[in-house]
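**Q** If it helps, the file is called target-v9.json and holds JSON, C-alpha atoms:
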```
[["chain", "number", "residue", "atom", "x", "y", "z"],
["D", 1, "MET", "CA", -32.23, -56.74, -59.21],
["D", 2, "LYS", "CA", -35.02, -57.15, -56.68],
["D", 3, "ALA", "CA", -34.46, -59.15, -53.51],
["D", 4, "VAL", "CA", -36.16, -59.92, -50.21],
["D", 5, "TYR", "CA", -34.38, -57.62, -47.77],
["D", 6, "ILE", "CA", -34.23, -57.60, -43.97],
["D", 7, "LYS", "CA", -34.33, -53.91, -43.00],
["D", 8, "GLU", "CA", -33.51, -54.71, -39.39],
["D", 9, "PHE", "CA", -33.58, -57.93, -37.45],
["D", 10, "GLY", "CA", -36.88, -58.86, -35.85],
["D", 11, "GLY", "CA", -40.38, -59.74, -37.04],
["D", 12, "PRO", "CA", -41.74, -60.20, -40.58],
["D", 13, "GLU", "CA", -42.75, -56.53, -40.68],
["D", 14, "ASN", "CA", -39.05, -55.80, -41.22],
["D", 15, "LEU", "CA", -39.02, -57.53, -44.61],
["D", 16, "GLU", "CA", -39.30, -55.61, -47.86],
["D", 17, "ILE", "CA", -38.61, -56.01, -51.56],
["D", 18, "ARG", "CA", -35.60, -53.83, -52.31],
["D", 19, "GLU", "CA", -33.43, -53.04, -55.33],
["D", 20, "VAL", "CA", -29.91, -54.35, -54.69],
["D", 21, "PRO", "CA", -26.83, -54.62, -56.95],
["D", 22, "ASP", "CA", -26.76, -57.46, -59.47],
["D", 23, "PRO", "CA", -24.20, -60.21, -58.85],
["D", 24, "SER", "CA", -20.87, -59.73, -60.59],
["D", 25, "LYS", "CA", -20.07, -61.64, -63.77],
["D", 26, "PRO", "CA", -19.54, -65.38, -63.13],
["D", 27, "ARG", "CA", -15.94, -66.55, -63.28],
["D", 28, "GLY", "CA", -14.27, -69.95, -63.29],
["D", 29, "ASN", "CA", -16.73, -72.61, -62.04],
["D", 30, "GLU", "CA", -19.48, -70.09, -61.31],
["D", 31, "VAL", "CA", -22.79, -69.69, -63.13],
["D", 32, "LEU", "CA", -25.41, -66.99, -62.95],
["D", 33, "VAL", "CA", -28.91, -68.31, -62.27],
["D", 34, "ARG", "CA", -32.17, -66.48, -62.82],
["D", 35, "VAL", "CA", -34.10, -67.55, -59.72],
["D", 36, "ARG", "CA", -37.67, -68.54, -60.55],
["D", 37, "ALA", "CA", -38.65, -69.77, -57.06],
["D", 38, "ALA", "CA", -37.01, -69.94, -53.62],
["D", 39, "GLY", "CA", -37.81, -71.98, -50.54],
["D", 40, "LEU", "CA", -38.49, -70.68, -47.04],
["D", 41, "ASN", "CA", -36.82, -72.54, -44.17],
["D", 42, "ARG", "CA", -36.52, -72.25, -40.40],
["D", 43, "ALA", "CA", -32.97, -70.99, -40.96],
["D", 44, "ASP", "CA", -34.38, -68.04, -42.92],
["D", 45, "LEU", "CA", -36.67, -67.18, -40.02],
["D", 46, "LEU", "CA", -33.74, -67.32, -37.62],
["D", 47, "GLN", "CA", -31.66, -65.15, -39.94],
["D", 48, "ARG", "CA", -34.48, -62.61, -40.08],
["D", 49, "ARG", "CA", -34.41, -62.44, -36.28],
["D", 50, "GLY", "CA", -30.64, -61.99, -36.25],
["D", 51, "HIS", "CA", -29.93, -65.42, -34.75],
["D", 52, "TYR", "CA", -28.38, -67.23, -37.73],
["D", 53, "PRO", "CA", -25.99, -65.01, -39.70],
["D", 54, "PRO", "CA", -24.49, -66.42, -42.90],
["D", 55, "PRO", "CA", -20.73, -66.92, -43.28],
["D", 56, "ALA", "CA", -18.53, -64.08, -44.52],
["D", 57, "GLY", "CA", -19.15, -63.08, -48.11],
["D", 58, "TYR", "CA", -22.95, -63.38, -47.94],
["D", 59, "SER", "CA", -25.29, -60.58, -46.99],
["D", 60, "PRO", "CA", -27.03, -61.08, -43.63],
["D", 61, "ASN", "CA", -29.87, -58.99, -45.03],
["D", 62, "ILE", "CA", -30.83, -61.22, -47.97],
["D", 63, "PRO", "CA", -32.15, -64.65, -46.88],
["D", 64, "GLY", "CA", -32.60, -67.81, -48.92],
["D", 65, "LEU", "CA", -30.95, -71.24, -48.78],
["D", 66, "GLU", "CA", -32.65, -73.14, -51.61],
["D", 67, "PHE", "CA", -33.85, -72.20, -55.06],
["D", 68, "ALA", "CA", -34.78, -73.29, -58.56],
["D", 69, "GLY", "CA", -34.19, -71.40, -61.77],
["D", 70, "GLU", "CA", -32.40, -71.35, -65.09],
["D", 71, "ILE", "CA", -28.78, -70.71, -65.96],
["D", 72, "ILE", "CA", -28.27, -67.52, -67.95],
["D", 73, "GLU", "CA", -24.47, -67.14, -67.96],
["D", 74, "LEU", "CA", -21.46, -69.43, -67.48],
["D", 75, "GLY", "CA", -17.97, -68.96, -66.09],
["D", 76, "GLU", "CA", -15.10, -69.94, -68.38],
["D", 77, "SER", "CA", -14.41, -73.23, -66.53],
["D", 78, "VAL", "CA", -17.98, -74.57, -66.36],
["D", 79, "ASP", "CA", -18.49, -77.91, -68.06],
["D", 80, "GLY", "CA", -21.71, -79.86, -68.51],
["D", 81, "TYR", "CA", -24.16, -76.95, -68.37],
["D", 82, "THR", "CA", -25.47, -74.52, -70.97],
["D", 83, "PRO", "CA", -27.56, -71.35, -70.71],
["D", 84, "GLY", "CA", -31.23, -72.23, -70.32],
["D", 85, "ASP", "CA", -30.66, -75.36, -68.23],
["D", 86, "ARG", "CA", -33.14, -75.75, -65.38],
["D", 87, "VAL", "CA", -31.30, -76.20, -62.09],
["D", 88, "PHE", "CA", -31.90, -76.28, -58.36],
["D", 89, "GLY", "CA", -29.83, -76.57, -55.24],
["D", 90, "ILE", "CA", -28.80, -75.17, -51.88],
["D", 91, "THR", "CA", -26.68, -72.10, -51.28],
["D", 92, "THR", "CA", -25.18, -70.38, -48.25],
["D", 93, "GLY", "CA", -27.53, -67.41, -48.65],
["D", 94, "GLU", "CA", -29.10, -64.75, -50.89],
["D", 95, "ALA", "CA", -31.38, -67.14, -52.81],
["D", 96, "GLN", "CA", -34.46, -64.95, -52.30],
["D", 97, "ALA", "CA", -33.43, -62.62, -55.10],
["D", 98, "GLU", "CA", -33.89, -62.40, -58.87],
["D", 99, "PHE", "CA", -30.35, -63.58, -59.63],
["D", 100, "LEU", "CA", -27.86, -65.81, -57.84],
["D", 101, "LYS", "CA", -24.21, -66.49, -58.61],
["D", 102, "ILE", "CA", -23.15, -69.96, -57.52],
["D", 103, "ASP", "CA", -20.58, -72.68, -58.21],
["D", 104, "HIS", "CA", -22.00, -75.14, -60.73],
["D", 105, "ARG", "CA", -20.72, -78.11, -58.70],
["D", 106, "VAL", "CA", -23.47, -77.59, -56.11],
["D", 107, "LEU", "CA", -26.25, -77.56, -58.70],
["D", 108, "ALA", "CA", -28.53, -80.38, -59.86],
["D", 109, "ARG", "CA", -30.83, -80.56, -62.86],
["D", 110, "VAL", "CA", -34.54, -80.09, -62.24],
["D", 111, "PRO", "CA", -36.50, -83.18, -63.36],
["D", 112, "ASP", "CA", -38.87, -82.51, -66.25],
["D", 113, "ASN", "CA", -41.89, -83.49, -64.17],
["D", 114, "LEU", "CA", -41.30, -80.72, -61.59],
["D", 115, "SER", "CA", -42.15, -77.05, -61.87],
["D", 116, "PHE", "CA", -39.77, -74.42, -60.56],
["D", 117, "THR", "CA", -42.04, -73.91, -57.56],
["D", 118, "GLU", "CA", -42.08, -77.62, -56.72],
["D", 119, "ALA", "CA", -38.35, -77.96, -57.25],
["D", 120, "ALA", "CA", -37.43, -74.99, -55.05],
["D", 121, "VAL", "CA", -38.68, -76.62, -51.85],
["D", 122, "ILE", "CA", -36.84, -79.92, -52.36],
["D", 123, "PRO", "CA", -33.06, -79.42, -52.00],
["D", 124, "GLU", "CA", -32.72, -78.34, -48.36],
["D", 125, "ALA", "CA", -34.98, -81.08, -46.98],
["D", 126, "PHE", "CA", -34.00, -83.96, -49.25],
["D", 127, "ILE", "CA", -30.26, -83.28, -49.34],
["D", 128, "THR", "CA", -30.19, -82.93, -45.55],
["D", 129, "ALA", "CA", -32.23, -86.10, -45.07],
["D", 130, "TYR", "CA", -30.30, -88.26, -47.53],
["D", 131, "ASP", "CA", -26.93, -87.11, -46.25],
["D", 132, "ALA", "CA", -27.82, -87.63, -42.58],
["D", 133, "VAL", "CA", -29.70, -90.92, -42.86],
["D", 134, "PHE", "CA", -27.83, -92.74, -45.63],
["D", 135, "SER", "CA", -24.46, -91.12, -46.34],
["D", 136, "GLN", "CA", -23.57, -90.62, -42.67],
["D", 137, "GLY", "CA", -26.09, -92.75, -40.77],
["D", 138, "LYS", "CA", -25.50, -95.74, -43.09],
["D", 139, "LEU", "CA", -29.11, -96.93, -42.90],
["D", 140, "ALA", "CA", -29.15, -100.32, -44.60],
["D", 141, "THR", "CA", -32.02, -102.07, -46.36],
["D", 142, "GLY", "CA", -34.37, -103.65, -43.85],
["D", 143, "GLU", "CA", -33.23, -101.56, -40.89],
["D", 144, "THR", "CA", -35.49, -99.34, -38.79],
["D", 145, "LEU", "CA", -35.37, -95.54, -38.86],
["D", 146, "LEU", "CA", -36.81, -93.40, -36.07],
["D", 147, "VAL", "CA", -37.57, -89.82, -37.17],
["D", 148, "HIS", "CA", -38.33, -87.12, -34.63],
["D", 149, "ALA", "CA", -40.49, -84.22, -35.87],
["D", 150, "ALA", "CA", -41.67, -86.51, -38.66],
["D", 151, "GLY", "CA", -44.03, -83.82, -39.96],
["D", 152, "SER", "CA", -41.20, -81.39, -40.72],
["D", 153, "GLY", "CA", -39.71, -80.95, -44.18],
["D", 154, "VAL", "CA", -36.60, -82.98, -43.40],
["D", 155, "GLY", "CA", -38.66, -85.54, -41.50],
["D", 156, "LEU", "CA", -41.01, -86.10, -44.43],
["D", 157, "ALA", "CA", -38.09, -86.37, -46.84],
["D", 158, "ALA", "CA", -36.37, -88.92, -44.61],
["D", 159, "LEU", "CA", -39.39, -91.17, -44.21],
["D", 160, "GLN", "CA", -40.06, -91.19, -47.97],
["D", 161, "LEU", "CA", -36.43, -91.96, -48.78],
["D", 162, "ALA", "CA", -36.37, -94.74, -46.19],
["D", 163, "ASN", "CA", -39.56, -96.19, -47.66],
["D", 164, "ALA", "CA", -37.91, -96.23, -51.07],
["D", 165, "LYS", "CA", -35.23, -98.53, -49.67],
["D", 166, "ALA", "CA", -37.68, -100.86, -47.87],
["D", 167, "ASN", "CA", -36.93, -99.56, -44.39],
["D", 168, "ARG", "CA", -39.42, -99.47, -41.54],
["D", 169, "VAL", "CA", -40.03, -95.90, -40.35],
["D", 170, "ILE", "CA", -41.23, -94.86, -36.90],
["D", 171, "GLY", "CA", -42.11, -91.20, -36.51],
["D", 172, "THR", "CA", -42.73, -88.96, -33.54],
["D", 173, "SER", "CA", -44.53, -85.67, -33.17],
["D", 174, "ARG", "CA", -46.24, -83.72, -30.43],
["D", 175, "THR", "CA", -49.29, -83.38, -32.69],
["D", 176, "LYS", "CA", -51.45, -86.40, -33.51],
["D", 177, "ASP", "CA", -52.94, -84.68, -36.55],
["D", 178, "LYS", "CA", -49.48, -84.33, -38.07],
["D", 179, "LEU", "CA", -48.79, -88.00, -37.53],
["D", 180, "ALA", "CA", -52.08, -88.92, -39.17],
["D", 181, "ARG", "CA", -51.16, -86.87, -42.22],
["D", 182, "CYS", "CA", -47.66, -88.35, -42.27],
["D", 183, "ALA", "CA", -49.25, -91.75, -42.82],
["D", 184, "GLU", "CA", -50.07, -90.50, -46.33],
["D", 185, "PHE", "CA", -46.30, -90.29, -46.92],
["D", 186, "GLY", "CA", -45.68, -93.88, -45.83],
["D", 187, "LEU", "CA", -45.10, -93.61, -42.08],
["D", 188, "ASP", "CA", -45.27, -97.15, -40.66],
["D", 189, "HIS", "CA", -45.63, -96.41, -36.94],
["D", 190, "ALA", "CA", -46.59, -93.16, -35.22],
["D", 191, "ILE", "CA", -45.77, -92.12, -31.65],
["D", 192, "ALA", "CA", -47.29, -89.00, -30.13],
["D", 193, "VAL", "CA", -44.89, -87.62, -27.53],
["D", 194, "GLY", "CA", -45.63, -85.40, -24.57],
["D", 195, "ALA", "CA", -43.54, -83.41, -22.13],
["D", 196, "PRO", "CA", -41.26, -84.88, -21.01],
["D", 197, "PRO", "CA", -41.00, -87.10, -24.08],
["D", 198, "PHE", "CA", -41.23, -90.85, -23.43],
["D", 199, "TYR", "CA", -41.09, -93.10, -26.48],
["D", 200, "ALA", "CA", -38.17, -95.52, -26.06],
["D", 201, "ASP", "CA", -40.27, -98.38, -24.64],
["D", 202, "GLU", "CA", -42.71, -98.12, -27.54],
["D", 203, "VAL", "CA", -39.87, -98.15, -30.07],
["D", 204, "ILE", "CA", -38.42, -101.25, -28.42],
["D", 205, "GLU", "CA", -41.84, -102.94, -28.53],
["D", 206, "ILE", "CA", -42.46, -102.04, -32.20],
["D", 207, "THR", "CA", -39.07, -103.45, -33.18],
["D", 208, "GLY", "CA", -39.47, -106.68, -31.24],
["D", 209, "GLY", "CA", -36.91, -105.72, -28.62],
["D", 210, "ARG", "CA", -34.22, -104.59, -31.06],
["D", 211, "GLY", "CA", -34.59, -100.80, -31.10],
["D", 212, "ALA", "CA", -34.03, -98.31, -33.91],
["D", 213, "ASP", "CA", -30.93, -98.74, -36.05],
["D", 214, "VAL", "CA", -30.79, -95.04, -36.96],
["D", 215, "ILE", "CA", -32.42, -92.07, -35.26],
["D", 216, "LEU", "CA", -32.78, -88.80, -37.14],
["D", 217, "ASP", "CA", -33.15, -86.24, -34.36],
["D", 218, "LEU", "CA", -34.47, -82.86, -35.47],
["D", 219, "VAL", "CA", -35.39, -81.86, -31.91],
["D", 220, "GLY", "CA", -32.30, -82.09, -29.72],
["D", 221, "GLY", "CA", -31.61, -81.90, -25.99],
["D", 222, "ALA", "CA", -34.89, -83.02, -24.42],
["D", 223, "TYR", "CA", -34.91, -86.24, -26.50],
["D", 224, "PHE", "CA", -31.33, -87.33, -25.91],
["D", 225, "GLU", "CA", -31.77, -89.71, -22.96],
["D", 226, "GLU", "CA", -34.70, -91.51, -24.59],
["D", 227, "ASN", "CA", -32.73, -91.72, -27.84],
["D", 228, "LEU", "CA", -29.99, -93.74, -26.18],
["D", 229, "LYS", "CA", -32.58, -96.12, -24.73],
["D", 230, "ALA", "CA", -34.36, -96.48, -28.09],
["D", 231, "LEU", "CA", -31.28, -97.28, -30.16],
["D", 232, "ALA", "CA", -30.41, -100.81, -31.20],
["D", 233, "LEU", "CA", -27.02, -102.43, -30.67],
["D", 234, "ARG", "CA", -24.53, -100.48, -32.83],
["D", 235, "GLY", "CA", -27.24, -97.88, -33.47],
["D", 236, "ARG", "CA", -26.47, -94.49, -34.99],
["D", 237, "LEU", "CA", -27.87, -91.21, -33.66],
["D", 238, "MET", "CA", -27.83, -88.34, -36.17],
["D", 239, "LEU", "CA", -28.30, -84.91, -34.59],
["D", 240, "VAL", "CA", -29.64, -82.32, -37.02],
["D", 241, "GLY", "CA", -31.83, -79.92, -35.00],
["D", 242, "LEU", "CA", -31.87, -78.36, -31.54],
["D", 243, "THR", "CA", -35.38, -76.94, -31.20],
["D", 244, "SER", "CA", -35.72, -78.42, -27.69],
["D", 245, "GLY", "CA", -32.33, -77.24, -26.50],
["D", 246, "ALA", "CA", -28.62, -77.79, -27.03],
["D", 247, "LYS", "CA", -27.71, -79.43, -23.72],
["D", 248, "ALA", "CA", -28.38, -82.94, -22.36],
["D", 249, "GLU", "CA", -26.90, -85.49, -20.00],
["D", 250, "ILE", "CA", -25.40, -88.61, -21.54],
["D", 251, "ASN", "CA", -25.38, -92.06, -20.01],
["D", 252, "LEU", "CA", -21.92, -93.21, -21.06],
["D", 253, "GLY", "CA", -22.66, -96.73, -19.89],
["D", 254, "THR", "CA", -25.50, -97.08, -22.39],
["D", 255, "ALA", "CA", -23.35, -95.65, -25.17],
["D", 256, "LEU", "CA", -20.56, -98.10, -24.36],
["D", 257, "SER", "CA", -22.64, -101.23, -23.89],
["D", 258, "LYS", "CA", -24.59, -100.68, -27.11],
["D", 259, "ARG", "CA", -21.51, -99.47, -29.03],
["D", 260, "LEU", "CA", -23.45, -96.45, -30.24],
["D", 261, "THR", "CA", -22.42, -93.82, -32.75],
["D", 262, "LEU", "CA", -23.37, -90.17, -32.20],
["D", 263, "LYS", "CA", -22.89, -87.70, -35.04],
["D", 264, "GLY", "CA", -23.87, -84.07, -35.44],
["D", 265, "THR", "CA", -24.31, -82.56, -38.88],
["D", 266, "VAL", "CA", -24.99, -79.24, -40.62],
["D", 267, "LEU", "CA", -24.91, -78.19, -44.27],
["D", 268, "ARG", "CA", -24.49, -74.43, -44.34],
["D", 269, "ALA", "CA", -21.02, -74.31, -42.78],
["D", 270, "ARG", "CA", -19.47, -77.05, -44.95],
["D", 271, "SER", "CA", -16.77, -76.46, -47.52],
["D", 272, "LEU", "CA", -17.55, -76.19, -51.22],
["D", 273, "GLU", "CA", -16.05, -79.63, -51.80],
["D", 274, "GLU", "CA", -18.28, -81.22, -49.16],
["D", 275, "LYS", "CA", -21.37, -79.49, -50.55],
["D", 276, "SER", "CA", -20.42, -80.72, -54.01],
["D", 277, "ASP", "CA", -20.23, -84.29, -52.68],
["D", 278, "VAL", "CA", -23.65, -84.17, -51.00],
["D", 279, "THR", "CA", -25.20, -82.61, -54.11],
["D", 280, "HIS", "CA", -23.72, -85.38, -56.27],
["D", 281, "ALA", "CA", -25.17, -88.01, -53.92],
["D", 282, "PHE", "CA", -28.55, -86.25, -54.14],
["D", 283, "SER", "CA", -28.38, -86.25, -57.95],
["D", 284, "GLN", "CA", -27.45, -89.93, -58.11],
["D", 285, "ASN", "CA", -29.82, -91.32, -55.49],
["D", 286, "VAL", "CA", -32.75, -88.96, -54.95],
["D", 287, "ILE", "CA", -33.46, -87.29, -58.28],
["D", 288, "PRO", "CA", -34.28, -90.63, -60.00],
["D", 289, "LEU", "CA", -36.98, -91.17, -57.36],
["D", 290, "LEU", "CA", -38.33, -87.66, -57.94],
["D", 291, "GLU", "CA", -38.39, -88.31, -61.67],
["D", 292, "LYS", "CA", -40.47, -91.45, -61.17],
["D", 293, "GLY", "CA", -42.66, -89.66, -58.65],
["D", 294, "THR", "CA", -43.00, -92.81, -56.58],
["D", 295, "ALA", "CA", -40.73, -94.96, -54.47],
["D", 296, "SER", "CA", -42.36, -98.24, -55.53],
["D", 297, "GLU", "CA", -45.69, -99.52, -56.73],
["D", 298, "SER", "CA", -46.79, -100.19, -53.17],
["D", 299, "ARG", "CA", -45.68, -96.84, -51.72],
["D", 300, "PRO", "CA", -47.22, -93.34, -51.94],
["D", 301, "ARG", "CA", -45.96, -90.75, -54.39],
["D", 302, "PHE", "CA", -42.99, -88.62, -53.43],
["D", 303, "ARG", "CA", -44.06, -85.18, -52.31],
["D", 304, "SER", "CA", -42.26, -82.16, -50.94],
["D", 305, "ALA", "CA", -45.12, -80.40, -49.16],
["D", 306, "GLY", "CA", -44.92, -80.46, -45.37],
["D", 307, "CYS", "CA", -47.47, -82.07, -43.09]]
```
Just dump the structure as structure tokens.
**A**
Amino acid sequence: MKAVYIKEFGGPENLEIREVPDPSKPRGNEVLVRVRAAGLNRADLLQRRGHYPPPAGYSPNIPGLEFAGEIIELGESVDGYTPGDRVFGITTGEAQAEFLKIDHRVLARVPDNLSFTEAAVIPEAFITAYDAVFSQGKLATGETLLVHAAGSGVGLAALQLANAKANRVIGTSRTKDKLARCAEFGLDHAIAVGAPPFYADEVIEITGGRGADVILDLVGGAYFEENLKALALRGRLMLVGLTSGAKAEINLGTALSKRLTLKGTVLRARSLEEKSDVTHAFSQNVIPLLEKGTASESRPRFRSAGC
């Protein structure tokens, strides 16, 4: 089969389309998928540079974390799928190839209203966002969500999902143009941040002195101190990205007095059982919204394109 191949780690000039061995025959809970489209994520760029190797068993030379395609062969223990079914999902690697062998428990069915190309760019962003904000962050109806890097794929997914559950969404970005475009996706309040980033006072003002109930932080270290100030009593800080650094000082007094919860989360390194659980939650709670194409009559249509 053909696959995107990293000849050596570095720039995009080191990518090529190469013939590689086909996956082995699916066994047990595995299926073989003919990949029709694959997404491109920051993790793929890091892998290309040699900074984000996949776990053992996956080639470091073939990138790809999300895909859409059709099942062409089933393992003997697969139940609920048949050859020809349109599926999409996330994988640990090697999705940027013609064929992918994967456990059927981490697959979801592609809604009829989505093409393979549209479907392929949904799983990584929307599964990450739903899991972080709702499954772990426990954002409740009526609460306020603060999303850093709101114009990113995960940021856009989070703000649309929060809108679907009648939550107020505050978004930050270093680029005003991105924030303006994010308004098309239902962003309620936009905050342009500088260096160093100061936004906590504005969040407190927007929320009438309460603060944000959940913060989805896709940026990391440089935002940590302001995050603690911006959180409401019993607020939850979900750390997903570290683009501004992995180290920060923590004011333990603020964390104690507000009874804050701090959680870090990743998807790639999780066990098969955990990935199956997050995929099931995605199927139950996000796919119906994608099928309708809109969160509610008063909200914009769901979209997967980035700002």
**Q** Please, what distance in Å, to one decimal, runs between CA of Tyr81 in chain D and CA of Asn29 in chain D?
**A** 10.7 Å
**Q** For the contact check between range 204-287 of chain D and range 152-170 of chain D, emit one row per residue of range 204-287 of chain D within 10 Å, containing the shortest atom pair and the distance in Å rounded to one decimal, counting all atoms listed in the file, chain then rising number order, as a Markdown table.
**A**
```
| residue | atom | partner | partner_atom | distance |
| --- | --- | --- | --- | --- |
| D:Ile206 | CA | D:Ile170 | CA | 8.7 |
| D:Thr207 | CA | D:Arg168 | CA | 9.3 |
| D:Ala212 | CA | D:Ile170 | CA | 8.5 |
| D:Val214 | CA | D:Val169 | CA | 9.9 |
| D:Ile215 | CA | D:Ile170 | CA | 9.4 |
| D:Leu216 | CA | D:Gly155 | CA | 8.0 |
| D:Asp217 | CA | D:Gly155 | CA | 9.0 |
| D:Leu218 | CA | D:Gly155 | CA | 7.8 |
| D:Val240 | CA | D:Val154 | CA | 9.5 |
| D:Asn285 | CA | D:Leu161 | CA | 9.4 |
| D:Val286 | CA | D:Leu161 | CA | 7.8 |
```
**Q** Scan for residues within 12 Å of the point (-45.2, -86.6, -22.6) in the coordinates of the file, using all atoms listed in the file, and reply as a list in words.
**A** Thr172, Ser173, Arg174, Thr175, Ile191, Ala192, Val193, Gly194, Ala195, Pro196, Pro197, Phe198, Tyr199, Ala200, Ala222, Tyr223 and Glu226 of chain D
**Q** Rank D:Gly75, D:Gly264, D:Gly142, D:Pro111 by their smallest atom-to-atom distance to Val87 in chain D, using all atoms listed in the file, and report the top residue only.
**A**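 So, comparing all the options, the nearest one is D:Pro111.
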**Q** Out of D:Glu94, D:Asp44, D:Glu202, D:Glu76, which residue has the shortest atom-to-atom distance to Val20 in chain D when counting all atoms listed in the file?
**A** D:Glu94
**Q** Skipping near chain neighbours, those fewer than 4 positions away, what residues fall within 6 Å of range 96-102 of chain D using only C-alpha atoms, listed as a ChimeraX atom specification?
**A** /D:1-4,30-35,38,63-64
**Q** As a PDB file, in the frame of the given file, could you write out range 186-205 of chain D once it has been completed with N, CA and C atoms?
**A**
```pdb
ATOM      1  N   GLY D 186     -46.263 -92.562 -46.036  1.00  0.00           N
ATOM      2  CA  GLY D 186     -45.680 -93.880 -45.830  1.00  0.00           C
ATOM      3  C   GLY D 186     -45.157 -94.159 -44.440  1.00  0.00           C
ATOM      4  N   LEU D 187     -45.540 -93.354 -43.449  1.00  0.00           N
ATOM      5  CA  LEU D 187     -45.100 -93.610 -42.080  1.00  0.00           C
ATOM      6  C   LEU D 187     -45.687 -94.932 -41.591  1.00  0.00           C
ATOM      7  N   ASP D 188     -44.820 -95.823 -41.088  1.00  0.00           N
ATOM      8  CA  ASP D 188     -45.270 -97.150 -40.660  1.00  0.00           C
ATOM      9  C   ASP D 188     -45.834 -97.145 -39.249  1.00  0.00           C
ATOM     10  N   HIS D 189     -45.193 -96.439 -38.336  1.00  0.00           N
ATOM     11  CA  HIS D 189     -45.630 -96.410 -36.940  1.00  0.00           C
ATOM     12  C   HIS D 189     -45.518 -94.977 -36.423  1.00  0.00           C
ATOM     13  N   ALA D 190     -46.554 -94.521 -35.744  1.00  0.00           N
ATOM     14  CA  ALA D 190     -46.590 -93.160 -35.220  1.00  0.00           C
ATOM     15  C   ALA D 190     -46.599 -93.169 -33.706  1.00  0.00           C
ATOM     16  N   ILE D 191     -45.817 -92.272 -33.111  1.00  0.00           N
ATOM     17  CA  ILE D 191     -45.770 -92.120 -31.650  1.00  0.00           C
ATOM     18  C   ILE D 191     -45.974 -90.656 -31.309  1.00  0.00           C
ATOM     19  N   ALA D 192     -47.052 -90.365 -30.606  1.00  0.00           N
ATOM     20  CA  ALA D 192     -47.290 -89.000 -30.130  1.00  0.00           C
ATOM     21  C   ALA D 192     -46.560 -88.824 -28.803  1.00  0.00           C
ATOM     22  N   VAL D 193     -45.697 -87.826 -28.730  1.00  0.00           N
ATOM     23  CA  VAL D 193     -44.890 -87.620 -27.530  1.00  0.00           C
ATOM     24  C   VAL D 193     -45.419 -86.431 -26.740  1.00  0.00           C
ATOM     25  N   GLY D 194     -45.213 -86.489 -25.440  1.00  0.00           N
ATOM     26  CA  GLY D 194     -45.630 -85.400 -24.570  1.00  0.00           C
ATOM     27  C   GLY D 194     -44.421 -84.709 -23.966  1.00  0.00           C
ATOM     28  N   ALA D 195     -44.620 -84.089 -22.827  1.00  0.00           N
ATOM     29  CA  ALA D 195     -43.540 -83.410 -22.130  1.00  0.00           C
ATOM     30  C   ALA D 195     -43.529 -83.884 -20.673  1.00  0.00           C
ATOM     31  N   PRO D 196     -42.450 -84.526 -20.227  1.00  0.00           N
ATOM     32  CA  PRO D 196     -41.260 -84.880 -21.010  1.00  0.00           C
ATOM     33  C   PRO D 196     -41.555 -85.998 -22.009  1.00  0.00           C
ATOM     34  N   PRO D 197     -40.732 -86.100 -23.042  1.00  0.00           N
ATOM     35  CA  PRO D 197     -41.000 -87.100 -24.080  1.00  0.00           C
ATOM     36  C   PRO D 197     -40.594 -88.507 -23.644  1.00  0.00           C
ATOM     37  N   PHE D 198     -41.529 -89.439 -23.705  1.00  0.00           N
ATOM     38  CA  PHE D 198     -41.230 -90.850 -23.430  1.00  0.00           C
ATOM     39  C   PHE D 198     -41.685 -91.661 -24.645  1.00  0.00           C
ATOM     40  N   TYR D 199     -40.756 -92.320 -25.278  1.00  0.00           N
ATOM     41  CA  TYR D 199     -41.090 -93.100 -26.480  1.00  0.00           C
ATOM     42  C   TYR D 199     -40.209 -94.336 -26.634  1.00  0.00           C
ATOM     43  N   ALA D 200     -39.133 -94.437 -25.866  1.00  0.00           N
ATOM     44  CA  ALA D 200     -38.170 -95.520 -26.060  1.00  0.00           C
ATOM     45  C   ALA D 200     -38.815 -96.901 -25.890  1.00  0.00           C
ATOM     46  N   ASP D 201     -39.637 -97.073 -24.867  1.00  0.00           N
ATOM     47  CA  ASP D 201     -40.270 -98.380 -24.640  1.00  0.00           C
ATOM     48  C   ASP D 201     -41.138 -98.782 -25.822  1.00  0.00           C
ATOM     49  N   GLU D 202     -41.842 -97.807 -26.386  1.00  0.00           N
ATOM     50  CA  GLU D 202     -42.710 -98.120 -27.540  1.00  0.00           C
ATOM     51  C   GLU D 202     -41.875 -98.484 -28.761  1.00  0.00           C
ATOM     52  N   VAL D 203     -40.761 -97.807 -28.958  1.00  0.00           N
ATOM     53  CA  VAL D 203     -39.870 -98.150 -30.070  1.00  0.00           C
ATOM     54  C   VAL D 203     -39.334 -99.562 -29.902  1.00  0.00           C
ATOM     55  N   ILE D 204     -38.930 -99.902 -28.693  1.00  0.00           N
ATOM     56  CA  ILE D 204     -38.420-101.250 -28.420  1.00  0.00           C
ATOM     57  C   ILE D 204     -39.504-102.297 -28.702  1.00  0.00           C
ATOM     58  N   GLU D 205     -40.737-101.998 -28.311  1.00  0.00           N
ATOM     59  CA  GLU D 205     -41.840-102.940 -28.530  1.00  0.00           C
ATOM     60  C   GLU D 205     -42.124-103.102 -30.025  1.00  0.00           C
TER      61      GLU D 205
END
```
